[in-house]
Amino acid sequence: MKFKTKGLILRQQNIGERDKLVWVLTDSHGILRAFVRGAKNIKSPKAAGTGLLSYAALTVFEGRDSYSIDEAEALEQFIGLHKNVEDMSLAQYFCELCLNLCPTGQEAGEQLRLALNSLYMLSNKKRPALQIKICFEMRLITLSGYMPDLVMCAECGVYEAPEMVFVPHTGKLYCTSCAETHGIQGVRLPIAAITALRHTVYADVSKLFSFELKEELLAPLSYASERYVAYMTQKDYPTLQFYKALL
């Protein structure tokens, strides 16, 4: 059976001298692992559309035990990412998160839209890289069923205080008074950073990236978001470690 879909190439692996295996985030079927015959030939019409980080219109054949891509037309290749090793490494971290968190065999339109918007922002330097990273991590983990509870202090119910404590291993928020009283450990963030963190989870997807935060607050907020993802997924991400080493 053949079907048409659109997807983002998250990972590729060479198979012999001519073929390759790709992992694709599609809107209709989530993560697909598919063979691409002859894709290593640069003259192949499938070469561009099945390259790493290519977003393409695909014609996919579904066999009994596997998928194969018969046609691939590149729609976007995020050329800007290939010009900067830091941006490219961050993009590959996004891919690794998608491979770990996105569904298989079911629709993943929201996840695909998030990935495409994040790569576009990163490729065109529309926002600081750490801001894009925070938005991607927090929204993807939320879409995956791990929404943190950022509405109020989990102990006293206060909505905001000059400084609050986010606890990555629970996803809960505390005012500093309650955190100190009960010996709760977490990432201390000023209210401006807490407001930004709430935005990444609760804002409409069309406004996800539309906030400003002082540069000195992006690093601690980025640390908080990546630790939350690591705790919720019980996994460390080599691509993230490589990106941080570059920084």
# chains A, B, ... in the order shown; residues from 1 in each chain; ligands from 1
$ closest_atom_pairs --of "segment 8-98 of chain A" --to "segment 230-235 of chain A" --cutoff "12 Å" --atoms "only C-alpha atoms" --output "Markdown table"
| residue | atom | partner | partner_atom | distance |
| --- | --- | --- | --- | --- |
| A:Glu96 | CA | A:Lys235 | CA | 11.0 |
| A:Leu97 | CA | A:Thr233 | CA | 9.7 |
| A:Cys98 | CA | A:Thr233 | CA | 11.9 |
$ write_last_selection --atoms "all heavy atoms" --output "mmCIF file, in the first residue's frame"
data_model
loop_
_atom_site.group_PDB
_atom_site.id
_atom_site.type_symbol
_atom_site.label_atom_id
_atom_site.label_comp_id
_atom_site.auth_asym_id
_atom_site.auth_seq_id
_atom_site.Cartn_x
_atom_site.Cartn_y
_atom_site.Cartn_z
ATOM 1 N N GLU A 96 17.013 14.166 18.304
ATOM 2 C CA GLU A 96 17.106 13.069 19.267
ATOM 3 C C GLU A 96 15.909 13.078 20.214
ATOM 4 O O GLU A 96 15.349 12.019 20.550
ATOM 5 C CB GLU A 96 18.413 13.161 20.057
ATOM 6 C CG GLU A 96 18.661 11.941 20.935
ATOM 7 C CD GLU A 96 19.984 11.962 21.674
ATOM 8 O OE1 GLU A 96 20.653 13.026 21.677
ATOM 9 O OE2 GLU A 96 20.342 10.927 22.260
ATOM 10 N N LEU A 97 15.478 14.270 20.633
ATOM 11 C CA LEU A 97 14.301 14.363 21.480
ATOM 12 C C LEU A 97 13.058 13.853 20.752
ATOM 13 O O LEU A 97 12.233 13.141 21.326
ATOM 14 C CB LEU A 97 14.075 15.809 21.932
ATOM 15 C CG LEU A 97 14.969 16.346 23.054
ATOM 16 C CD1 LEU A 97 14.578 17.781 23.389
ATOM 17 C CD2 LEU A 97 14.894 15.474 24.293
ATOM 18 N N CYS A 98 12.931 14.235 19.481
ATOM 19 C CA CYS A 98 11.783 13.761 18.698
ATOM 20 C C CYS A 98 11.770 12.247 18.592
ATOM 21 O O CYS A 98 10.724 11.604 18.743
ATOM 22 C CB CYS A 98 11.807 14.382 17.302
ATOM 23 S SG CYS A 98 11.320 16.120 17.240
#
$ select_by_dssp --residues "segment 20-107 of chain A" --states "helix (DSSP H, G or I)" --output "list of chain:residue names"
A:Ala48, A:Gly49, A:Thr50, A:Ile79, A:Gly80, A:Leu81, A:His82, A:Lys83, A:Val85, A:Glu86, A:Asp87, A:Met88, A:Ser89, A:Leu90, A:Ala91, A:Gln92, A:Tyr93, A:Phe94, A:Cys95, A:Glu96, A:Leu97, A:Cys98, A:Leu99, A:Asn100, A:Leu101
$ closest_atom_pairs --of "segment 39-143 of chain A" --to "segment 215-228 of chain A" --cutoff "7 Å" --atoms "only C-alpha atoms" --output "tab-separated table"
residue	atom	partner	partner_atom	distance
A:Leu130	CA	A:Leu218	CA	6.3
A:Gln131	CA	A:Leu218	CA	6.5
A:Ile134	CA	A:Ser222	CA	5.5
A:Glu137	CA	A:Ser225	CA	6.5
A:Met138	CA	A:Ser225	CA	6.3
$ write_last_selection --atoms "N, CA, C and O atoms" --output "compact mmCIF listing (two decimals), in the first residue's frame"
# COMPACT_ATOMS: atom_id res chain seq x y z
N LEU A 130 19.29 29.63 22.85
CA LEU A 130 18.83 29.05 24.11
C LEU A 130 17.33 29.23 24.30
O LEU A 130 16.65 28.38 24.87
N GLN A 131 16.80 30.35 23.82
CA GLN A 131 15.36 30.57 23.92
C GLN A 131 14.60 29.55 23.08
O GLN A 131 13.59 28.99 23.51
N ILE A 134 14.70 26.17 24.89
CA ILE A 134 13.76 26.11 26.02
C ILE A 134 12.34 25.87 25.51
O ILE A 134 11.61 25.02 26.03
N GLU A 137 12.03 22.22 24.11
CA GLU A 137 12.03 21.20 25.16
C GLU A 137 10.71 21.18 25.94
O GLU A 137 10.09 20.12 26.11
N MET A 138 10.30 22.35 26.40
CA MET A 138 9.13 22.40 27.27
C MET A 138 7.84 22.07 26.52
O MET A 138 6.95 21.40 27.05
$ atom_distance --atom1 "atom CA of Leu150 of chain A" --atom2 "atom CA of Tyr202 of chain A"
9.2 Å
$ closest_residue --among "A:Ser210, A:Asn117, A:Thr176, A:Ser89" --to "Ala245 of chain A" --atoms "only C-alpha atoms"
A:Ser89
$ closest_residue --among "A:Met121, A:Val85, A:Ala154, A:Ile31" --to "Leu101 of chain A" --atoms "only C-alpha atoms"
A:Ile31
$ select_by_dssp --residues "segment 4-195 of chain A" --states "strand (DSSP E or B)" --output "PyMOL selection string"
chain A and resi 4-15+19-26+30-36+55-62+67-76+104+149+163-167+172-175+187-190
$ residues_around --residues "Gln106 of chain A" --least-positions-apart "6" --cutoff "12 Å" --atoms "only C-alpha atoms" --output "VMD selection string"
chain A and resid 25 to 32
$ write_last_selection --atoms "N, CA and C atoms" --output "short mmCIF file (atom, residue, chain, number, x, y, z; two decimals), in the first residue's frame"
data_model
loop_
_atom_site.label_atom_id
_atom_site.label_comp_id
_atom_site.auth_asym_id
_atom_site.auth_seq_id
_atom_site.Cartn_x
_atom_site.Cartn_y
_atom_site.Cartn_z
N LEU A 25 9.97 12.05 10.95
CA LEU A 25 8.81 12.49 11.73
C LEU A 25 7.76 12.97 10.75
N THR A 26 6.65 12.24 10.62
CA THR A 26 5.61 12.57 9.67
C THR A 26 4.37 13.10 10.38
N ASP A 27 3.58 13.86 9.64
CA ASP A 27 2.35 14.38 10.24
C ASP A 27 1.29 13.30 10.41
N SER A 28 1.27 12.32 9.54
CA SER A 28 0.19 11.33 9.52
C SER A 28 0.49 10.05 10.27
N HIS A 29 1.78 9.66 10.36
CA HIS A 29 2.15 8.37 10.95
C HIS A 29 3.19 8.49 12.07
N GLY A 30 3.46 9.69 12.54
CA GLY A 30 4.47 9.85 13.57
C GLY A 30 5.84 9.47 13.05
N ILE A 31 6.61 8.77 13.86
CA ILE A 31 7.96 8.36 13.47
C ILE A 31 7.89 7.13 12.56
N LEU A 32 8.50 7.26 11.38
CA LEU A 32 8.62 6.14 10.45
C LEU A 32 10.09 5.82 10.24
#
$ residues_around --residues "Tyr67 of chain A" --least-positions-apart "3" --cutoff "9 Å" --atoms "only C-alpha atoms" --output "list in words"
Leu32, Arg33, Ala34, Phe35, Val60, Phe61, Glu62, Gly63 and Arg64 of chain A
$ residues_around --residues "Phe166 of chain A" --least-positions-apart "4" --cutoff "10 Å" --atoms "only C-alpha atoms" --output "MDAnalysis selection string"
chainID A and resid 148:150 153 170:176 179 184:189 194 197 221 224:225 228
$ closest_residue --among "A:Thr142, A:Ser44, A:Ser118, A:Thr50" --to "Leu21 of chain A" --atoms "only C-alpha atoms"
A:Thr50
$ residues_around --residues "Gly51 of chain A" --least-positions-apart "4" --cutoff "12 Å" --atoms "only C-alpha atoms" --output "count of residues only"
32
